[in-house]
file my_file_20.json (JSON, C-alpha atoms)
[["chain", "number", "residue", "atom", "x", "y", "z"],
["A", 1, "VAL", "CA", -1.30, 44.87, 83.99],
["A", 2, "ARG", "CA", -2.11, 41.65, 82.14],
["A", 3, "SER", "CA", -5.24, 43.29, 80.79],
["A", 4, "LEU", "CA", -3.28, 46.33, 79.52],
["A", 5, "LEU", "CA", -0.82, 44.05, 77.76],
["A", 6, "SER", "CA", -3.53, 41.99, 76.08],
["A", 7, "SER", "CA", -3.99, 41.87, 72.32],
["A", 8, "ASP", "CA", -7.53, 43.26, 72.65],
["A", 9, "VAL", "CA", -6.20, 46.46, 74.27],
["A", 10, "SER", "CA", -3.53, 46.65, 71.56],
["A", 11, "ARG", "CA", -6.20, 46.51, 68.85],
["A", 12, "ILE", "CA", -8.24, 49.21, 70.59],
["A", 13, "GLY", "CA", -5.18, 51.41, 70.91],
["A", 14, "GLU", "CA", -4.23, 51.01, 67.24],
["A", 15, "LYS", "CA", -7.74, 51.51, 65.95],
["A", 16, "LYS", "CA", -7.94, 54.76, 64.01],
["A", 17, "SER", "CA", -9.96, 57.52, 65.55],
["A", 18, "ARG", "CA", -11.07, 58.71, 62.12],
["A", 19, "LYS", "CA", -10.93, 57.31, 58.60],
["A", 20, "LYS", "CA", -8.24, 59.81, 57.55],
["A", 21, "ALA", "CA", -6.24, 59.46, 60.74],
["A", 22, "THR", "CA", -2.71, 58.10, 60.51],
["A", 23, "THR", "CA", -2.34, 57.08, 64.17],
["A", 24, "GLY", "CA", -4.31, 55.00, 66.64],
["A", 25, "SER", "CA", -6.76, 56.14, 69.26],
["A", 26, "PHE", "CA", -4.56, 55.69, 72.34],
["A", 27, "LEU", "CA", -0.94, 56.09, 73.36],
["A", 28, "PHE", "CA", -0.01, 54.19, 76.54],
["A", 29, "TRP", "CA", 2.39, 55.52, 79.18],
["A", 30, "SER", "CA", 3.12, 54.30, 82.69],
["A", 31, "ALA", "CA", 5.31, 55.26, 85.63],
["A", 32, "GLU", "CA", 6.16, 53.67, 88.95],
["A", 33, "TYR", "CA", 3.87, 54.61, 91.81],
["A", 34, "GLY", "CA", 5.31, 57.52, 93.82],
["A", 35, "SER", "CA", 8.10, 58.23, 91.34],
["A", 36, "SER", "CA", 8.97, 61.79, 90.29],
["A", 37, "ASP", "CA", 7.53, 61.10, 86.82],
["A", 38, "ALA", "CA", 4.27, 59.87, 88.32],
["A", 39, "LYS", "CA", 4.01, 62.90, 90.62],
["A", 40, "GLU", "CA", 4.76, 65.29, 87.76],
["A", 41, "ALA", "CA", 2.13, 63.62, 85.58],
["A", 42, "MET", "CA", -0.50, 63.83, 88.35],
["A", 43, "LYS", "CA", 0.35, 67.49, 88.85],
["A", 44, "ARG", "CA", 0.18, 68.42, 85.19],
["A", 45, "LEU", "CA", -3.02, 66.43, 84.63],
["A", 46, "LYS", "CA", -4.54, 67.77, 87.86],
["A", 47, "ALA", "CA", -5.61, 64.21, 88.62],
["A", 48, "LYS", "CA", -7.02, 63.17, 91.98],
["A", 49, "GLN", "CA", -5.12, 60.81, 94.23],
["A", 50, "PRO", "CA", -6.95, 57.61, 95.21],
["A", 51, "ALA", "CA", -8.67, 57.75, 98.61],
["A", 52, "GLY", "CA", -6.85, 56.07, 101.50],
["A", 53, "LYS", "CA", -3.33, 57.01, 102.48],
["A", 54, "LYS", "CA", -2.25, 53.49, 103.42],
["A", 55, "GLN", "CA", -3.42, 51.91, 100.20],
["A", 56, "ARG", "CA", -1.27, 52.10, 97.09],
["A", 57, "ARG", "CA", -3.82, 51.75, 94.36],
["A", 58, "PRO", "CA", -2.83, 52.48, 90.76],
["A", 59, "VAL", "CA", -4.25, 55.47, 88.95],
["A", 60, "LEU", "CA", -5.75, 54.81, 85.54],
["A", 61, "LEU", "CA", -6.78, 57.78, 83.45],
["A", 62, "VAL", "CA", -7.19, 58.87, 79.84],
["A", 63, "ALA", "CA", -6.14, 62.34, 78.67],
["A", 64, "TYR", "CA", -5.88, 64.17, 75.38],
["A", 65, "PRO", "CA", -3.70, 67.11, 74.24],
["A", 66, "ALA", "CA", -5.83, 70.22, 74.16],
["A", 67, "ARG", "CA", -4.73, 73.39, 72.40],
["A", 68, "ILE", "CA", -5.39, 76.62, 74.26],
["A", 69, "ILE", "CA", -4.33, 80.25, 73.94],
["A", 70, "ASN", "CA", -2.17, 81.56, 76.74],
["A", 71, "THR", "CA", -4.02, 84.60, 78.10],
["A", 72, "ASN", "CA", -0.78, 86.29, 79.15],
["A", 73, "THR", "CA", 1.28, 85.86, 75.99],
["A", 74, "GLY", "CA", -1.43, 85.22, 73.40],
["A", 75, "ILE", "CA", 0.61, 82.27, 72.12],
["A", 76, "PRO", "CA", -1.13, 78.93, 71.47],
["A", 77, "GLN", "CA", 0.09, 76.02, 73.58],
["A", 78, "ILE", "CA", -0.80, 72.42, 74.29],
["A", 79, "VAL", "CA", -2.02, 71.31, 77.71],
["A", 80, "PRO", "CA", -3.22, 67.84, 78.80],
["A", 81, "ARG", "CA", -6.86, 67.45, 79.76],
["A", 82, "VAL", "CA", -8.35, 64.43, 81.49],
["A", 83, "VAL", "CA", -11.20, 62.68, 79.72],
["A", 84, "ALA", "CA", -11.82, 59.99, 82.34],
["A", 85, "GLN", "CA", -10.15, 58.64, 85.50],
["A", 86, "HIS", "CA", -10.58, 55.20, 87.02],
["A", 87, "HIS", "CA", -9.57, 54.81, 90.67],
["A", 88, "CYS", "CA", -9.14, 51.07, 90.23],
["A", 89, "SER", "CA", -11.21, 50.15, 93.25],
["A", 90, "PRO", "CA", -11.51, 47.57, 91.81],
["A", 91, "PRO", "CA", -9.85, 48.03, 88.39],
["A", 92, "PRO", "CA", -11.91, 47.27, 85.28],
["A", 93, "LEU", "CA", -12.09, 43.56, 84.54],
["A", 94, "ASP", "CA", -11.80, 44.06, 80.81],
["A", 95, "MET", "CA", -9.58, 47.02, 79.95],
["A", 96, "SER", "CA", -10.37, 46.79, 76.24],
["A", 97, "LYS", "CA", -14.11, 47.23, 76.83],
["A", 98, "TRP", "CA", -13.49, 50.22, 79.11],
["A", 99, "LEU", "CA", -11.22, 51.90, 76.57],
["A", 100, "ASN", "CA", -13.57, 51.13, 73.68],
["A", 101, "ALA", "CA", -16.49, 52.61, 75.63],
["A", 102, "LEU", "CA", -14.44, 55.78, 76.28],
["A", 103, "ARG", "CA", -13.47, 56.01, 72.62],
["A", 104, "LYS", "CA", -17.09, 55.73, 71.50],
["A", 105, "ARG", "CA", -18.36, 58.09, 74.20],
["A", 106, "HIS", "CA", -15.78, 60.86, 73.80],
["A", 107, "GLY", "CA", -14.15, 60.12, 70.47],
["A", 108, "SER", "CA", -16.34, 62.10, 68.10],
["A", 109, "LYS", "CA", -16.78, 65.01, 70.49],
["A", 110, "GLU", "CA", -13.18, 65.32, 71.61],
["A", 111, "TYR", "CA", -11.76, 64.81, 68.13],
["A", 112, "ALA", "CA", -14.12, 67.39, 66.71],
["A", 113, "SER", "CA", -13.01, 69.76, 69.46],
["A", 114, "MET", "CA", -9.36, 68.99, 68.78],
["A", 115, "LEU", "CA", -9.80, 69.58, 65.06],
["A", 116, "HIS", "CA", -11.56, 72.85, 65.78],
["A", 117, "ASP", "CA", -8.73, 73.87, 68.10],
["A", 118, "VAL", "CA", -6.18, 72.97, 65.46],
["A", 119, "ARG", "CA", -7.95, 75.05, 62.81],
["A", 120, "GLU", "CA", -8.33, 78.00, 65.17],
["A", 121, "THR", "CA", -4.71, 77.68, 66.22],
["A", 122, "HIS", "CA", -3.55, 77.71, 62.62],
["A", 123, "LEU", "CA", -5.70, 80.72, 61.86],
["A", 124, "LEU", "CA", -4.37, 82.52, 64.92],
["A", 125, "GLN", "CA", -0.80, 81.66, 63.99],
["A", 126, "GLU", "CA", -1.37, 82.97, 60.47],
["A", 127, "ARG", "CA", -2.85, 86.18, 61.86],
["A", 128, "MET", "CA", 0.01, 86.56, 64.30],
["A", 129, "MET", "CA", 2.58, 85.86, 61.58],
["A", 130, "GLY", "CA", 0.84, 88.35, 59.32],
["A", 131, "TYR", "CA", 0.77, 90.92, 62.10],
["A", 132, "LYS", "CA", 4.45, 90.38, 62.92],
["A", 133, "GLU", "CA", 5.32, 90.58, 59.23],
["A", 134, "SER", "CA", 3.33, 93.81, 58.94],
["A", 135, "VAL", "CA", 5.06, 95.26, 61.99],
["A", 136, "ARG", "CA", 8.46, 94.22, 60.64],
["A", 137, "ASN", "CA", 7.68, 95.75, 57.25],
["A", 138, "ASP", "CA", 6.52, 98.96, 58.92],
["A", 139, "GLU", "CA", 9.72, 99.11, 60.98],
["A", 140, "GLU", "CA", 11.88, 98.46, 57.92],
["A", 141, "ARG", "CA", 9.96, 101.07, 55.93],
["A", 142, "LYS", "CA", 10.29, 103.57, 58.79],
["A", 143, "GLU", "CA", 14.01, 102.85, 59.13],
["A", 144, "LYS", "CA", 14.43, 103.26, 55.36],
["A", 145, "VAL", "CA", 12.66, 106.63, 55.43],
["A", 146, "GLN", "CA", 14.75, 107.75, 58.40],
["A", 147, "GLN", "CA", 17.96, 106.58, 56.70],
["A", 148, "GLU", "CA", 17.03, 108.41, 53.50],
["A", 149, "GLU", "CA", 16.29, 111.54, 55.53],
["A", 150, "ARG", "CA", 19.65, 111.29, 57.32],
["A", 151, "GLU", "CA", 21.42, 110.83, 54.00],
["A", 152, "ARG", "CA", 19.55, 113.79, 52.51],
["A", 153, "ILE", "CA", 20.47, 116.04, 55.44],
["A", 154, "ALA", "CA", 24.09, 114.86, 55.33],
["A", 155, "LEU", "CA", 24.23, 115.48, 51.56],
["A", 156, "GLU", "CA", 22.75, 118.96, 51.95],
["A", 157, "GLN", "CA", 25.24, 119.76, 54.68],
["A", 158, "GLN", "CA", 28.07, 118.41, 52.56],
["A", 159, "GLN", "CA", 26.92, 120.48, 49.57],
["A", 160, "LYS", "CA", 26.68, 123.63, 51.72],
["A", 161, "GLU", "CA", 30.16, 123.12, 53.10],
["A", 162, "HIS", "CA", 31.50, 122.41, 49.62],
["A", 163, "GLU", "CA", 29.84, 125.53, 48.20],
["A", 164, "LYS", "CA", 31.24, 127.59, 51.05],
["A", 165, "ARG", "CA", 34.76, 126.32, 50.33],
["A", 166, "ILE", "CA", 34.33, 127.00, 46.62],
["A", 167, "GLN", "CA", 33.17, 130.59, 47.24],
["A", 168, "GLU", "CA", 36.10, 131.21, 49.57],
["A", 169, "ARG", "CA", 38.45, 129.77, 46.98],
["A", 170, "ARG", "CA", 37.00, 131.97, 44.23],
["A", 171, "LEU", "CA", 37.72, 135.05, 46.26],
["A", 172, "GLU", "CA", 41.32, 133.93, 46.56],
["A", 173, "LEU", "CA", 41.50, 133.10, 42.85],
["A", 174, "LYS", "CA", 40.18, 136.53, 41.89],
["A", 175, "GLU", "CA", 42.84, 138.18, 44.00],
["A", 176, "SER", "CA", 45.56, 135.93, 42.59],
["A", 177, "LEU", "CA", 44.72, 136.60, 38.92],
["A", 178, "PRO", "CA", 47.48, 138.56, 37.21],
["A", 179, "GLU", "CA", 46.69, 142.06, 36.06],
["A", 180, "GLU", "CA", 45.37, 142.08, 32.53],
["A", 181, "PRO", "CA", 48.01, 143.57, 30.23],
["A", 182, "ALA", "CA", 47.15, 146.55, 28.08],
["A", 183, "LYS", "CA", 46.20, 145.96, 24.47],
["A", 184, "LYS", "CA", 49.31, 146.37, 22.29],
["A", 185, "PRO", "CA", 48.99, 145.02, 18.75],
["A", 186, "SER", "CA", 52.72, 145.16, 18.30],
["A", 187, "ASP", "CA", 53.51, 143.11, 21.42],
["A", 188, "LYS", "CA", 53.79, 139.46, 20.42],
["A", 189, "ASN", "CA", 54.00, 138.35, 24.07],
["A", 190, "ILE", "CA", 50.37, 139.31, 24.72],
["A", 191, "MET", "CA", 47.74, 136.70, 23.91],
["A", 192, "THR", "CA", 43.98, 137.11, 23.84],
["A", 193, "ILE", "CA", 41.88, 134.15, 24.99],
["A", 194, "ALA", "CA", 38.28, 134.14, 23.78],
["A", 195, "LEU", "CA", 35.82, 131.75, 25.42],
["A", 196, "ARG", "CA", 32.55, 130.33, 24.21],
["A", 197, "PHE", "CA", 30.57, 128.31, 26.76],
["A", 198, "VAL", "CA", 28.90, 125.37, 25.05],
["A", 199, "ALA", "CA", 26.30, 124.86, 27.79],
["A", 200, "ASP", "CA", 24.65, 128.30, 27.70],
["A", 201, "GLY", "CA", 26.25, 130.19, 24.85],
["A", 202, "ARG", "CA", 28.03, 132.77, 27.01],
["A", 203, "VAL", "CA", 31.22, 134.33, 25.74],
["A", 204, "GLY", "CA", 34.22, 135.90, 27.45],
["A", 205, "GLN", "CA", 37.59, 137.36, 26.59],
["A", 206, "ARG", "CA", 40.79, 138.35, 28.38],
["A", 207, "ARG", "CA", 44.43, 139.12, 27.63],
["A", 208, "PHE", "CA", 47.36, 137.23, 29.20],
["A", 209, "GLU", "CA", 51.12, 137.27, 28.95],
["A", 210, "SER", "CA", 52.44, 134.40, 26.83],
["A", 211, "ASP", "CA", 54.45, 133.03, 29.77],
["A", 212, "THR", "CA", 51.26, 132.67, 31.84],
["A", 213, "GLU", "CA", 50.53, 129.09, 32.85],
["A", 214, "LEU", "CA", 47.40, 127.42, 31.50],
["A", 215, "GLU", "CA", 46.32, 126.87, 35.11],
["A", 216, "VAL", "CA", 45.64, 130.61, 35.36],
["A", 217, "VAL", "CA", 43.09, 130.32, 32.55],
["A", 218, "PHE", "CA", 41.27, 127.60, 34.51],
["A", 219, "ASN", "CA", 41.37, 129.81, 37.62],
["A", 220, "TRP", "CA", 39.99, 132.74, 35.61],
["A", 221, "ILE", "CA", 37.04, 130.64, 34.40],
["A", 222, "ASP", "CA", 36.36, 129.37, 37.92],
["A", 223, "ALA", "CA", 36.58, 132.78, 39.57],
["A", 224, "MET", "CA", 34.75, 134.88, 37.00],
["A", 225, "TYR", "CA", 32.21, 132.47, 35.55],
["A", 226, "ASP", "CA", 31.35, 130.36, 38.63],
["A", 227, "ILE", "CA", 32.34, 127.04, 37.11],
["A", 228, "GLU", "CA", 34.53, 124.73, 39.14],
["A", 229, "ARG", "CA", 37.82, 124.37, 37.32],
["A", 230, "GLU", "CA", 37.93, 120.63, 38.05],
["A", 231, "THR", "CA", 34.90, 120.18, 35.78],
["A", 232, "VAL", "CA", 36.13, 122.33, 32.89],
["A", 233, "THR", "CA", 37.33, 120.98, 29.57],
["A", 234, "LEU", "CA", 38.89, 123.45, 27.12],
["A", 235, "GLN", "CA", 38.97, 122.67, 23.44],
["A", 236, "THR", "CA", 40.40, 124.65, 20.56],
["A", 237, "MET", "CA", 37.92, 125.73, 17.91],
["A", 238, "ASN", "CA", 39.35, 123.28, 15.38],
["A", 239, "GLY", "CA", 38.94, 120.48, 17.94],
["A", 240, "GLN", "CA", 42.56, 119.36, 17.62],
["A", 241, "LYS", "CA", 43.58, 120.13, 21.21],
["A", 242, "THR", "CA", 41.78, 119.47, 24.48],
["A", 243, "PHE", "CA", 42.87, 120.52, 27.97],
["A", 244, "GLU", "CA", 41.56, 119.39, 31.36],
["A", 245, "TRP", "CA", 42.43, 120.40, 34.89],
["A", 246, "ASP", "CA", 43.83, 116.97, 35.72],
["A", 247, "SER", "CA", 46.24, 116.99, 32.76],
["A", 248, "THR", "CA", 49.89, 117.99, 33.07],
["A", 249, "ASP", "CA", 49.36, 120.70, 30.43],
["A", 250, "ARG", "CA", 47.91, 123.04, 33.02],
["A", 251, "ASN", "CA", 51.45, 123.69, 34.32],
["A", 252, "LYS", "CA", 52.66, 124.68, 30.87],
["A", 253, "THR", "CA", 52.67, 128.24, 29.60],
["A", 254, "LEU", "CA", 50.32, 129.48, 26.94],
["A", 255, "LYS", "CA", 53.28, 129.66, 24.60],
["A", 256, "ASP", "CA", 54.28, 126.05, 25.35],
["A", 257, "VAL", "CA", 50.80, 124.75, 24.49],
["A", 258, "GLU", "CA", 51.11, 126.68, 21.19],
["A", 259, "PHE", "CA", 48.36, 129.21, 21.72],
["A", 260, "LYS", "CA", 48.25, 131.98, 19.10],
["A", 261, "ARG", "CA", 47.99, 135.68, 19.78],
["A", 262, "MET", "CA", 44.24, 135.25, 19.34],
["A", 263, "THR", "CA", 42.99, 131.86, 20.52],
["A", 264, "GLY", "CA", 39.39, 130.76, 20.76],
["A", 265, "LEU", "CA", 38.39, 128.00, 23.18],
["A", 266, "ARG", "CA", 35.22, 126.07, 23.70],
["A", 267, "VAL", "CA", 34.38, 125.65, 27.39],
["A", 268, "MET", "CA", 32.66, 122.36, 28.14],
["A", 269, "ILE", "CA", 31.54, 121.18, 31.57],
["A", 270, "GLN", "CA", 31.95, 117.55, 32.55],
["A", 271, "GLU", "CA", 30.33, 115.79, 35.47],
["A", 272, "LYS", "CA", 32.46, 116.03, 38.56],
["A", 273, "LYS", "CA", 34.23, 112.82, 39.46],
["A", 274, "LYS", "CA", 33.16, 111.23, 42.73],
["A", 275, "ASP", "CA", 36.02, 109.74, 44.68],
["A", 276, "GLU", "CA", 37.46, 109.49, 48.14],
["A", 277, "ASN", "CA", 38.80, 113.03, 47.95],
["A", 278, "ALA", "CA", 35.44, 114.57, 47.03],
["A", 279, "ASP", "CA", 34.90, 116.01, 50.51],
["A", 280, "LYS", "CA", 38.40, 117.36, 50.91],
["A", 281, "ASP", "CA", 39.40, 121.00, 50.61],
["A", 282, "PRO", "CA", 39.63, 121.70, 46.84],
["A", 283, "ASP", "CA", 42.92, 123.56, 47.31],
["A", 284, "LYS", "CA", 44.57, 120.95, 49.55],
["A", 285, "ASP", "CA", 45.71, 118.68, 46.72],
["A", 286, "ASP", "CA", 47.17, 121.67, 44.85],
["A", 287, "ASP", "CA", 49.11, 122.69, 47.93],
["A", 288, "ASP", "CA", 50.42, 119.16, 48.40],
["A", 289, "THR", "CA", 51.48, 119.01, 44.74],
["A", 290, "LYS", "CA", 53.33, 122.29, 45.03],
["A", 291, "ASP", "CA", 55.05, 121.10, 48.19],
["A", 292, "ASP", "CA", 56.15, 117.91, 46.42],
["A", 293, "ASP", "CA", 57.51, 119.92, 43.51],
["A", 294, "LYS", "CA", 59.37, 122.17, 45.92],
["A", 295, "ASP", "CA", 60.93, 119.17, 47.66],
["A", 296, "SER", "CA", 62.02, 117.74, 44.33],
["A", 297, "ASP", "CA", 63.67, 121.03, 43.40],
["A", 298, "ASP", "CA", 65.48, 121.10, 46.75],
["A", 299, "GLU", "CA", 66.81, 117.59, 46.19],
["A", 300, "GLU", "CA", 68.17, 118.57, 42.81]]

call {"tool": "encode", "arguments": {"input": "my_file_20.json", "output": "C-alpha cells"}}
result
Amino acid sequence: VRSLLSSDVSRIGEKKSRKKATTGSFLFWSAEYGSSDAKEAMKRLKAKQPAGKKQRRPVLLVAYPARIINTNTGIPQIVPRVVAQHHCSPPPLDMSKWLNALRKRHGSKEYASMLHDVRETHLLQERMMGYKESVRNDEERKEKVQQEERERIALEQQQKEHEKRIQERRLELKESLPEEPAKKPSDKNIMTIALRFVADGRVGQRRFESDTELEVVFNWIDAMYDIERETVTLQTMNGQKTFEWDSTDRNKTLKDVEFKRMTGLRVMIQEKKKDENADKDPDKDDDDTKDDDKDSDDEE
C-alpha cells in the first residue's frame, strides 16, 4: 500500500501514454478484499483468485478498456481486458518499476490496438448511422408514396361520387325546367335569353316568362350545357351587370333584374370554391335555404 501511494507511482500514473494524450497512463482503483465490488471486478475481468483458500493475499492487476463488436447485436461496446496480473506472493518491492515495465512492454502495442479499435468503431458507427438513416429515408419515402396513393384514390372516389350526384341533379333540373313558351312577338311577358360561352364559343338561346326567377336560368345552363351552376358567372353584353349563383339576385325574376325582351349574356366559368361543404350534396344547401324561408313566412 505504501508503495502504491508513493510519489514515484504517482509520476508513472500521470505520465502520458503518447505525446498527444491528455491523460496519464494509469487509473488506480481498489476495493476491500471479499467485498461485492471486488467480486464483481474479478468476475468482469475474469481474473484468477490467488492460490490458497486460507490466505488472503491481495490481487494486483492491470487492465485496459477494449472495444469489441457484440456478435449478437452488432453494436460496439467496451469490455475490460487484463494486461498483467500479479499474485503478490510476494508483492513487487518497487511498484513504480513494475508499472513502468508494463507501460513500456505493452504501451505501444495496446495503445495502437486501442486506437485501431477506436477508428474501426467510429467507422462502424458511421456505417450503422448511414444505414439507419437510409432505412429511415426509405420508410419515409415509402410512407409518402403510400399516403399520396391513398389521397389519390380518395380524391378519385370523391370526384366519382360528386359527378354521380351532379348527373342525378341534372336529371332533376331538366324535369323541373318550365315549358318554353311559344314565340309571340306581341307578348311583352316573354323574354329571350341568348348565351355565349366565353370558354369555348358555344351559343344557346331559350325563351322564358318574365316572372321566371334568375335561378331557373342557372339551372338551365347546368342541365343543358353540363356546367355546374355554382361555377357560372353571367354578365350582360355591355358588362354593366354580373350575376353569380351565390348572389341574392338569383331569387329575383327576370323582370326584377331588368332583363329586356332580348337579352344577351356572357357565360363565364370560375374555379369552384373549396370549403367544408364541398363534399356535401349540392342540393342540400338549397333545400335548407328553402326550409328557412318557409319557416320565416310561417312566423310572419

call {"tool": "atom_distance", "arguments": {"input": "my_file_20.json", "atom1": "CA of Thr263 in chain A", "atom2": "CA of Ala194 in chain A"}}
result
6.2 Å

call {"tool": "residues_around", "arguments": {"input": "my_file_20.json", "residues": "range 228-233 of chain A", "least_positions_apart": "4", "cutoff": "6 Å", "atoms": "only C-alpha atoms", "output": "list of chain:residue names"}}
result
A:Phe218, A:Asp222, A:Phe243, A:Glu244, A:Trp245, A:Val267, A:Met268, A:Ile269, A:Gln270, A:Lys272

call {"tool": "write_last_selection", "arguments": {"input": "my_file_20.json", "atoms": "C-alpha atoms", "output": "CSV table (one decimal), keeping the file's coordinate frame"}}
result
chain,number,residue,atom,x,y,z
A,218,PHE,CA,41.3,127.6,34.5
A,222,ASP,CA,36.4,129.4,37.9
A,243,PHE,CA,42.9,120.5,28.0
A,244,GLU,CA,41.6,119.4,31.4
A,245,TRP,CA,42.4,120.4,34.9
A,267,VAL,CA,34.4,125.6,27.4
A,268,MET,CA,32.7,122.4,28.1
A,269,ILE,CA,31.5,121.2,31.6
A,270,GLN,CA,32.0,117.6,32.6
A,272,LYS,CA,32.5,116.0,38.6

call {"tool": "closest_residue", "arguments": {"input": "my_file_20.json", "among": "A:Ile75, A:Val82, A:Ala47, A:Ala199", "to": "Glu126 in chain A", "atoms": "only C-alpha atoms"}}
result
A:Ile75

call {"tool": "atom_distance", "arguments": {"input": "my_file_20.json", "atom1": "CA of Asn219 in chain A", "atom2": "CA of Leu173 in chain A"}}
result
6.2 Å

call {"tool": "atom_distance", "arguments": {"input": "my_file_20.json", "atom1": "CA of Glu180 in chain A", "atom2": "CA of Ile166 in chain A"}}
result
23.4 Å

call {"tool": "residues_around", "arguments": {"input": "my_file_20.json", "residues": "Phe28 in chain A", "least_positions_apart": "6", "cutoff": "10 Å", "atoms": "all atoms listed in the file", "output": "VMD selection string"}}
result
chain A and resid 4 10 13 62

call {"tool": "residues_near_point", "arguments": {"input": "my_file_20.json", "point": "(45.0, 139.2, 24.9)", "cutoff": "12 Å", "atoms": "all atoms listed in the file", "output": "number ranges by chain"}}
result
A: 179-195, 204-210, 212, 217, 254, 259-264
